[in-house]
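Containing compact mmCIF, C-alpha atoms: start-v3.txt.
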```
# COMPACT_ATOMS: atom_id res chain seq x y z
CA MET A 5 5.60 -8.11 -4.19
CA SER A 6 6.41 -8.15 -0.52
CA GLU A 7 8.17 -9.92 2.29
CA SER A 8 7.14 -9.39 5.89
CA SER A 9 5.79 -6.83 8.25
CA GLY A 10 5.64 -6.62 12.02
CA PRO A 11 5.79 -4.33 15.02
CA THR A 12 8.84 -2.21 15.68
CA GLY A 13 11.73 -4.43 16.72
CA SER A 14 9.94 -7.64 15.75
CA PHE A 15 9.16 -9.69 12.66
CA SER A 16 6.48 -11.75 14.38
CA LYS A 17 3.51 -10.66 12.27
CA GLY A 18 5.16 -11.61 9.00
CA LEU A 19 6.79 -14.92 9.87
CA GLY A 20 5.56 -18.08 8.19
CA GLN A 21 4.25 -19.05 4.79
CA TRP A 22 2.35 -16.55 2.62
CA LEU A 23 0.48 -17.02 -0.64
CA GLY A 24 -0.46 -13.99 -2.70
CA ALA A 25 -2.51 -12.92 -5.69
CA ALA A 26 -1.20 -9.84 -7.48
CA GLU A 27 -2.57 -7.65 -10.24
CA VAL A 28 0.18 -6.22 -12.47
CA TYR A 29 -0.37 -3.01 -14.43
CA GLY A 30 1.72 -0.99 -16.84
CA PRO A 31 2.63 2.67 -16.25
CA ASP A 32 -0.49 3.72 -18.18
CA GLY A 33 -2.74 1.72 -15.85
CA VAL A 34 -3.41 -1.04 -18.40
CA PHE A 35 -3.82 -4.50 -16.85
CA LEU A 36 -0.91 -6.73 -17.91
CA GLY A 37 -1.80 -9.92 -16.09
CA GLU A 38 -2.02 -11.72 -12.78
CA GLY A 39 0.88 -12.67 -10.59
CA ARG A 40 1.31 -15.48 -8.08
CA ASP A 41 3.58 -14.74 -5.14
CA THR A 42 4.71 -17.42 -2.69
CA ARG A 43 6.99 -16.61 0.23
CA SER A 44 8.60 -18.38 3.15
CA VAL A 45 9.71 -16.03 5.95
CA GLU A 46 11.88 -17.55 8.69
CA ALA A 47 13.67 -15.99 11.67
CA ASP A 48 17.39 -16.55 12.12
CA ASP A 49 17.52 -17.36 15.83
CA GLY A 50 19.46 -14.79 17.84
CA ALA A 51 20.73 -12.93 14.78
CA GLY A 52 18.06 -10.24 14.55
CA THR A 53 17.48 -11.16 10.91
CA ILE A 54 15.01 -13.09 8.81
CA THR A 55 15.51 -15.00 5.58
CA VAL A 56 12.92 -14.71 2.82
CA ASP A 57 12.51 -17.21 -0.02
CA VAL A 58 10.29 -15.74 -2.71
CA SER A 59 8.89 -16.85 -6.04
CA PHE A 60 6.90 -14.46 -8.22
CA GLU A 61 5.33 -15.58 -11.50
CA GLY A 62 3.42 -13.22 -13.76
CA PRO A 63 4.03 -10.62 -16.48
CA PHE A 64 7.54 -10.58 -15.05
CA SER A 65 9.01 -13.38 -12.97
CA MET A 66 11.80 -13.92 -10.47
CA ALA A 67 12.78 -16.18 -7.62
CA GLY A 68 15.46 -16.20 -4.98
CA GLN A 69 16.42 -15.42 -1.41
CA TYR A 70 17.29 -12.36 0.63
CA THR A 71 17.97 -11.40 4.23
CA ILE A 72 16.41 -8.56 6.23
CA ALA A 73 18.12 -7.13 9.33
CA ASP A 74 15.98 -5.55 12.05
CA ARG A 75 17.18 -2.16 13.30
CA GLY A 76 14.11 -1.33 15.36
CA THR A 77 12.83 1.77 13.59
CA HIS A 78 13.97 0.49 10.21
CA ARG A 79 15.05 -2.60 8.33
CA LEU A 80 17.91 -3.27 5.95
CA TYR A 81 17.48 -5.53 2.93
CA GLN A 82 20.84 -7.26 2.53
CA GLY A 83 20.42 -9.22 -0.71
CA PRO A 84 21.22 -11.05 -2.80
CA LEU A 85 17.81 -10.81 -4.49
CA ASN A 86 16.60 -7.64 -2.76
CA TYR A 87 18.58 -4.67 -1.39
CA GLY A 88 17.22 -1.56 0.29
CA PHE A 89 15.82 0.24 3.32
CA ALA A 90 12.39 0.09 4.97
CA GLU A 91 10.90 2.34 7.63
CA VAL A 92 8.75 0.66 10.27
CA LEU A 93 5.75 2.93 10.70
CA GLY A 94 3.97 0.81 13.27
CA ASP A 95 2.38 -2.48 14.17
CA GLY A 96 2.26 -4.39 10.90
CA LEU A 97 3.31 -1.67 8.42
CA VAL A 98 6.54 -1.04 6.54
CA CYS A 99 7.31 1.44 3.77
CA ALA A 100 10.38 0.69 1.68
CA HIS A 101 12.66 1.79 -1.11
CA ASN A 102 14.45 -1.25 -2.46
CA TYR A 103 16.15 -2.73 -5.51
CA TRP A 104 15.40 -6.06 -7.18
CA SER A 105 18.77 -7.13 -8.60
CA LYS A 106 17.38 -9.74 -11.02
CA LEU A 107 15.00 -7.19 -12.54
CA GLY A 108 17.39 -4.27 -12.51
CA MET A 109 14.54 -2.17 -11.11
CA SER A 110 13.81 -0.11 -8.01
CA GLN A 111 10.65 -0.34 -5.96
CA ARG A 112 8.70 1.95 -3.67
CA PHE A 113 6.14 -0.03 -1.73
CA PHE A 114 4.12 -0.40 1.41
CA LEU A 115 3.07 -3.63 3.08
CA MET A 116 0.29 -3.64 5.68
CA VAL A 117 -0.98 -6.50 7.83
CA LEU A 118 -4.75 -6.11 8.27
CA PRO A 119 -6.20 -6.24 11.80
CA ASP A 120 -7.21 -9.91 11.56
CA GLY A 121 -3.52 -10.83 11.19
CA THR A 122 -4.18 -13.28 8.35
CA ARG A 123 -4.06 -10.91 5.37
CA GLN A 124 -1.60 -8.41 3.96
CA LEU A 125 -2.15 -5.65 1.40
CA SER A 126 0.62 -4.10 -0.66
CA LEU A 127 1.21 -1.53 -3.37
CA ALA A 128 4.47 -1.58 -5.34
CA LEU A 129 5.62 1.12 -7.77
CA ILE A 130 8.45 -0.45 -9.80
CA SER A 131 10.75 1.77 -11.86
CA ARG A 132 13.98 1.78 -13.80
CA ALA A 133 15.68 5.08 -12.98
CA GLU A 134 12.79 7.59 -12.98
CA VAL A 135 10.64 5.68 -15.49
CA LEU A 136 7.70 3.75 -14.01
CA LYS A 137 7.51 0.23 -15.43
CA TYR A 138 4.94 -1.64 -13.31
CA VAL A 139 2.38 -1.09 -10.59
CA VAL A 140 1.61 -4.20 -8.54
CA VAL A 141 -1.44 -4.47 -6.26
CA GLY A 142 -1.20 -7.45 -3.93
CA GLU A 143 -3.20 -9.35 -1.34
CA TYR A 144 -1.64 -12.18 0.65
CA LEU A 145 -2.99 -14.93 2.90
CA ARG A 146 -1.10 -16.55 5.75
CA GLN A 147 -0.76 -20.29 5.30
CA ALA A 148 -1.38 -21.64 8.79
CA ASP A 149 -1.19 -25.31 7.80
CA ALA A 150 1.20 -26.40 5.07
CA MET A 151 -0.77 -29.63 4.62
CA ARG A 152 -4.06 -27.74 4.14
CA PRO A 153 -3.16 -24.45 2.45
CA ALA A 154 -5.60 -21.56 2.47
CA PRO A 155 -7.03 -20.81 -0.97
CA LEU A 156 -5.28 -18.24 -3.12
CA PRO A 157 -7.18 -14.94 -3.02
CA ALA A 158 -9.48 -14.76 -6.05
CA ALA A 159 -8.01 -12.44 -8.65
CA ARG A 160 -10.37 -9.58 -9.26
CA HIS A 161 -10.14 -9.92 -13.03
CA GLU A 162 -11.42 -13.49 -12.93
CA GLY A 163 -14.86 -12.93 -11.46
CA ALA A 164 -15.58 -9.29 -10.82
CA ASP A 165 -16.86 -6.49 -13.01
CA GLU A 166 -13.70 -4.69 -14.08
CA ALA A 167 -15.65 -1.46 -14.50
CA GLU A 168 -16.37 -1.38 -10.76
CA MET A 169 -13.94 0.90 -8.97
CA LEU A 170 -13.78 -0.25 -5.35
CA LEU A 171 -12.01 2.92 -4.21
CA ARG A 172 -14.52 5.16 -6.01
CA ARG A 173 -17.83 3.66 -4.86
CA PRO A 174 -20.37 6.06 -3.33
CA GLY A 175 -20.21 5.74 0.43
CA SER A 176 -17.75 6.27 3.26
CA TRP A 177 -14.46 4.79 4.42
CA VAL A 178 -14.31 5.00 8.20
CA GLY A 179 -12.01 3.95 11.01
CA GLU A 180 -9.01 4.99 13.07
CA LEU A 181 -5.74 6.23 11.62
CA THR A 182 -2.52 6.41 13.61
CA VAL A 183 -0.73 9.77 13.46
CA LEU A 184 3.10 9.95 13.54
CA ASP A 185 5.42 12.94 13.76
CA GLY A 186 8.24 13.72 11.35
CA ASP A 187 10.48 11.15 13.07
CA LEU A 188 7.67 8.57 12.83
CA ALA A 189 7.04 8.59 16.58
CA PRO A 190 3.35 8.05 17.48
CA ILE A 191 1.32 11.15 18.36
CA GLU A 192 -2.30 9.97 18.56
CA THR A 193 -5.04 8.04 16.82
CA VAL A 194 -7.84 9.93 15.10
CA GLU A 195 -11.30 9.01 13.88
CA TYR A 196 -11.11 9.33 10.12
CA CYS A 197 -13.91 9.47 7.56
CA GLU A 198 -13.66 9.83 3.80
CA SER A 199 -17.02 10.27 2.05
CA ILE A 200 -17.39 9.85 -1.71
CA ALA A 201 -20.24 10.85 -4.01
CA GLN A 202 -20.41 10.63 -7.77
CA THR A 203 -20.78 13.75 -9.93
CA THR A 204 -21.18 14.30 -13.65
CA ALA A 205 -17.44 15.00 -13.99
CA GLY A 206 -16.16 12.49 -11.48
CA LEU A 207 -16.28 12.53 -7.69
CA ALA A 208 -17.03 14.79 -4.75
CA VAL A 209 -14.83 13.89 -1.77
CA SER A 210 -14.92 15.08 1.83
CA VAL A 211 -12.48 14.06 4.56
CA GLU A 212 -12.68 14.42 8.35
CA GLY A 213 -9.86 13.73 10.79
CA VAL A 214 -6.97 15.35 8.89
CA HIS A 215 -4.32 15.91 11.57
CA PHE A 216 -1.94 17.92 9.37
CA GLY A 217 -4.59 20.23 7.98
CA ARG A 218 -8.24 21.02 8.28
CA ASP A 219 -11.18 18.87 7.25
CA ALA A 220 -11.76 19.45 3.56
CA SER A 221 -14.05 18.88 0.60
CA TYR A 222 -12.88 18.81 -2.99
CA SER A 223 -13.85 17.66 -6.47
CA LEU A 224 -12.06 15.18 -8.72
CA VAL A 225 -12.29 14.85 -12.47
CA THR A 226 -11.80 11.16 -13.23
CA THR A 227 -10.87 8.73 -15.97
CA PRO A 228 -10.53 4.96 -15.39
CA THR A 229 -6.83 5.42 -14.58
CA GLU A 230 -6.50 9.03 -13.38
CA ALA A 231 -8.08 11.65 -11.14
CA TRP A 232 -7.27 15.33 -10.67
CA THR A 233 -8.69 18.40 -8.97
CA PRO A 234 -9.83 21.31 -11.15
CA THR A 235 -9.42 24.02 -8.48
CA GLY A 236 -9.96 24.70 -4.77
CA ASP A 237 -8.09 24.51 -1.47
CA VAL A 238 -7.05 20.88 -2.11
CA LEU A 239 -5.15 20.45 -5.38
CA GLY A 240 -3.40 17.54 -7.04
CA SER A 241 -3.71 14.32 -9.00
CA LEU A 242 -3.85 10.55 -8.48
CA ASN A 243 -3.18 7.43 -10.53
CA MET A 244 -5.65 4.53 -10.31
CA VAL A 245 -5.03 0.88 -11.19
CA GLY A 246 -7.80 -1.69 -11.37
CA GLY A 247 -10.11 0.29 -9.12
CA ARG A 248 -8.19 -1.11 -6.13
CA GLY A 249 -4.91 0.77 -5.93
CA GLN A 250 -4.11 4.45 -6.16
CA SER A 251 -1.25 6.82 -5.44
CA GLY A 252 -0.47 10.47 -5.94
CA TYR A 253 -0.01 13.86 -4.33
CA LEU A 254 -2.53 16.36 -2.96
CA LEU A 255 -1.60 19.90 -1.93
CA HIS A 256 -3.51 21.38 1.01
CA HIS A 257 -2.98 24.94 -0.13
CA ARG A 258 -4.10 26.86 2.97
CA GLU A 259 -2.00 24.73 5.32
CA GLU A 260 1.01 24.82 2.98
CA THR A 261 1.27 21.03 3.22
CA ARG A 262 1.13 18.19 0.72
CA VAL A 263 0.42 14.52 1.16
CA TRP A 264 1.77 11.52 -0.72
CA LEU A 265 -1.25 9.25 -0.65
CA ARG A 266 -1.22 5.48 -1.28
CA GLU A 267 -4.20 3.17 -0.88
CA VAL A 268 -5.14 -0.44 -1.64
CA ALA A 269 -8.62 -1.96 -1.32
CA ALA A 270 -9.01 -5.59 -0.31
CA LEU A 271 -10.36 -7.90 -3.01
CA ASP A 272 -13.70 -8.22 -1.21
CA GLY A 273 -14.02 -4.43 -0.99
CA THR A 274 -14.70 -4.36 2.74
CA MET A 275 -11.48 -2.62 3.81
CA LYS A 276 -8.64 -0.54 2.45
CA GLY A 277 -5.14 0.13 3.68
CA VAL A 278 -4.17 3.80 3.77
CA VAL A 279 -0.67 5.32 4.00
CA GLN A 280 -0.21 9.10 3.98
CA MET A 281 3.18 10.82 4.12
CA TRP A 282 2.86 14.54 4.90
CA TYR A 283 5.36 17.21 3.83
CA ARG A 284 5.98 20.93 4.01
CA GLY A 285 8.26 21.64 1.10
CA GLU A 286 10.78 18.79 1.10
CA GLN A 287 10.56 18.25 4.87
CA ARG A 288 8.45 15.36 6.11
CA ILE A 289 6.29 16.58 8.97
CA GLY A 290 4.49 13.34 9.73
CA ALA A 291 2.44 10.38 8.56
CA MET A 292 -0.98 8.80 8.97
CA TYR A 293 -1.87 5.15 8.39
CA GLY A 294 -4.44 2.49 9.10
CA ALA A 295 -7.17 0.22 7.77
CA LEU A 296 -10.57 1.75 6.98
CA SER A 297 -13.88 -0.09 6.57
CA PHE A 298 -16.36 0.65 3.80
CA GLU A 299 -19.94 1.75 4.47
CA GLY A 300 -22.16 2.00 1.40
CA ALA A 301 -24.17 5.10 0.60
```
Once you've parsed the file, please lay out its structure as structure tokens.
Amino acid sequence: MSESSGPTGSFSKGLGQWLGAAEVYGPDGVFLGEGRDTRSVEADDGAGTITVDVSFEGPFSMAGQYTIADRGTHRLYQGPLNYGFAEVLGDGLVCAHNYWSKLGMSQRFFLMVLPDGTRQLSLALISRAEVLKYVVVGEYLRQADAMRPAPLPAARHEGADEAEMLLRRPGSWVGELTVLDGDLAPIETVEYCESIAQTTAGLAVSVEGVHFGRDASYSLVTTPTEAWTPTGDVLGSLNMVGGRGQSGYLLHHREETRVWLREVAALDGTMKGVVQMWYRGEQRIGAMYGALSFEGA
């Protein structure tokens, strides 16, 4: 469930008509059903705001309108359907905490425009108070011609092997990630590589290009919906939904840092959007984000 994303001080990348296919999961990672998300995003000339008309149909449904005000480094959701605050991390990426009034639920989500400018990926963690209710993995296509709409992205559960975990395939995810400081000002871009190999217990993972720590290797014990480290210099756990979306925390023990990691793989498995928020204690020290491409083993 999403609205628009664009460069700092601009909504240009998210304007227009968008059609989305969503996978909706329960808090235990069980697939609840598919969702269809249609949105119209229009600029209010000279006002520094946009108006979003949204309709979501699936395991839960809602429809309505809300306004977003641009404040440069952040955005304010002004209702009536959606209220909240979003940080603009960069060109085509927002991370938000917002409240859906018709659902009576809060949402933590990120929305990323992929480099081709025609697709968006999103991950929404929807809660009531502190209790997680839904996890929604979304992919959206820009509708360039209202008379000849682009096809809805094929839902993974319609034609793919559900046992295949796109984020856990043997191989490497490679590309550039943008590094931000604690105030979300750009620092640099780094070449990033995450290599994955299967083991008897789960996965062996190695990462290169970690700005807020050192390159690391660690093991994960896995189930279809969870992963956790048994021991080592990198410690923590992740939730997995549908093999395409995951979130969780990893502690880099030697560096005394931890990362809130969120990822979504595209339906075709060729790319994934990555958002990492880095902390020391409760203080955010920076962030890393970008789109990585998959290279098979």
Residues within 7 Å of Trp104 (chain A), please, as number ranges by chain. Count all atoms listed in the file; anything in the same chain fewer than 5 positions from it doesn't count.
A: 85-87, 109-110
With C-alpha atoms retained, write the just-selected residues as an mmCIF file, in the coordinates of the input.
```
data_model
loop_
_atom_site.group_PDB
_atom_site.id
_atom_site.type_symbol
_atom_site.label_atom_id
_atom_site.label_comp_id
_atom_site.auth_asym_id
_atom_site.auth_seq_id
_atom_site.Cartn_x
_atom_site.Cartn_y
_atom_site.Cartn_z
ATOM 1 C CA LEU A 85 17.810 -10.810 -4.490
ATOM 2 C CA ASN A 86 16.600 -7.640 -2.760
ATOM 3 C CA TYR A 87 18.580 -4.670 -1.390
ATOM 4 C CA MET A 109 14.540 -2.170 -11.110
ATOM 5 C CA SER A 110 13.810 -0.110 -8.010
#
```
For Gly213 (chain A), which residue out of A:Glu27, A:Asp49, A:Glu195, A:Asp57 is the nearest one, using all atoms listed in the file?
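Ranking A:Glu27, A:Asp49, A:Glu195, A:Asp57 by distance to Gly213 (chain A), first place goes to A:Glu195.
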Selected residue of minimal separation from Thr229 (chain A) among A:Val214, A:Leu184, A:Leu271, A:Leu171, counting only C-alpha atoms:
A:Leu171
In the coordinates of the file, take the point (14.2, -3.5, 10.6) and a cut-off of 8 Å; then, counting all atoms listed in the file, name each qualifying protein, DNA or RNA residue as a list in words.
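Counting all atoms listed in the file, I find these residues within 8 Å of (14.2, -3.5, 10.6): Thr12, Gly13, Ser14, Ile72, Ala73, Asp74, Arg75, Gly76, Thr77, His78, Arg79, Leu80, Ala90, Glu91 and Val92 of chain A.
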Can you pull out every residue within 10 Å of Asp32 (chain A), counting all atoms listed in the file, but drop anything in the same chain fewer than 2 positions away, and send it as JSON, numbers by chain?
{"A": [29, 30, 34, 35, 136, 137, 138, 139, 229, 230, 243, 244, 245]}
Please dump the current selection as a PDB file, keeping the file's coordinate frame; keep C-alpha atoms.
```pdb
ATOM      1  CA  TYR A  29      -0.370  -3.010 -14.430  1.00  0.00           C
ATOM      2  CA  GLY A  30       1.720  -0.990 -16.840  1.00  0.00           C
ATOM      3  CA  VAL A  34      -3.410  -1.040 -18.400  1.00  0.00           C
ATOM      4  CA  PHE A  35      -3.820  -4.500 -16.850  1.00  0.00           C
ATOM      5  CA  LEU A 136       7.700   3.750 -14.010  1.00  0.00           C
ATOM      6  CA  LYS A 137       7.510   0.230 -15.430  1.00  0.00           C
ATOM      7  CA  TYR A 138       4.940  -1.640 -13.310  1.00  0.00           C
ATOM      8  CA  VAL A 139       2.380  -1.090 -10.590  1.00  0.00           C
ATOM      9  CA  THR A 229      -6.830   5.420 -14.580  1.00  0.00           C
ATOM     10  CA  GLU A 230      -6.500   9.030 -13.380  1.00  0.00           C
ATOM     11  CA  ASN A 243      -3.180   7.430 -10.530  1.00  0.00           C
ATOM     12  CA  MET A 244      -5.650   4.530 -10.310  1.00  0.00           C
ATOM     13  CA  VAL A 245      -5.030   0.880 -11.190  1.00  0.00           C
TER      14      VAL A 245
END
```
May I have the residues within 12 Å of Gln280 (chain A) as a PyMOL selection string, using all atoms listed in the file and disregarding those fewer than 2 positions away in the same chain?
chain A and resi 93+99+114+181-185+188+214-216+250-254+262-267+277-278+282-283+288-295
From A:Gly37, A:Gly94, A:Pro190, A:Gly142, residue lying nearest Gly62 (chain A) [only C-alpha atoms]
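Between A:Gly37, A:Gly94, A:Pro190, A:Gly142, the residue approaching Gly62 (chain A) most closely is A:Gly37.
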Interatomic distance between CA of Thr71 (chain A) and CA of Ala26 (chain A)?
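Pair CA of Thr71 (chain A) / CA of Ala26 (chain A) returns 22.5 Å.
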Please, which residues are within 6 Å of (10.8, -15.0, 3.9) by the file's coordinates, counting only C-alpha atoms, and could they come as a list of chain:residue names?
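Those residues lying close to the given coordinates are A:Glu7, A:Arg43, A:Ser44, A:Val45, A:Glu46, A:Thr55, A:Val56, A:Asp57.
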Option closest in space to Leu115 (chain A), from A:Trp22, A:His101, A:Val209, A:Gly96 [counting only C-alpha atoms]
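So, comparing all the options, the nearest one is A:Gly96.
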For CA of Arg284 (chain A) and CA of Arg172 (chain A), quote the distance in Å rounded to one decimal.
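Separating CA of Arg284 (chain A) from CA of Arg172 (chain A) is a distance of 27.7 Å.
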Closest of A:Gly249, A:Pro31, A:Gly88, A:Gly83 to Leu125 (chain A) - atom-to-atom distances counting only C-alpha atoms
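Among the listed residues, A:Gly249 lies closest to Leu125 (chain A).
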Please report the interatomic distance between CA of Ile54 (chain A) and CA of Ile191 (chain A) in Å with one decimal.
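These two atoms are separated by 29.4 Å.
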Hey, what's within 9 Å of Tyr144 (chain A) if we count only C-alpha atoms and toss same-chain stuff fewer than 5 positions away? As a ChimeraX atom specification, please?
/A:22-26,41-42,122-126,156-157
Counting all atoms listed in the file, closest pick from A:Leu296, A:Ala67, A:Ala148, A:Val98 relative to Val194 (chain A) is A:Leu296
Centre and size of axis-aligned box enclosing region 188-200 of chain A plus 5 Å each side, as lines of an AutoDock Vina configuration file:
```
center_x = -4.9
center_y = 9.6
center_z = 8.4
size_x = 35.1
size_y = 13.1
size_z = 30.3
```
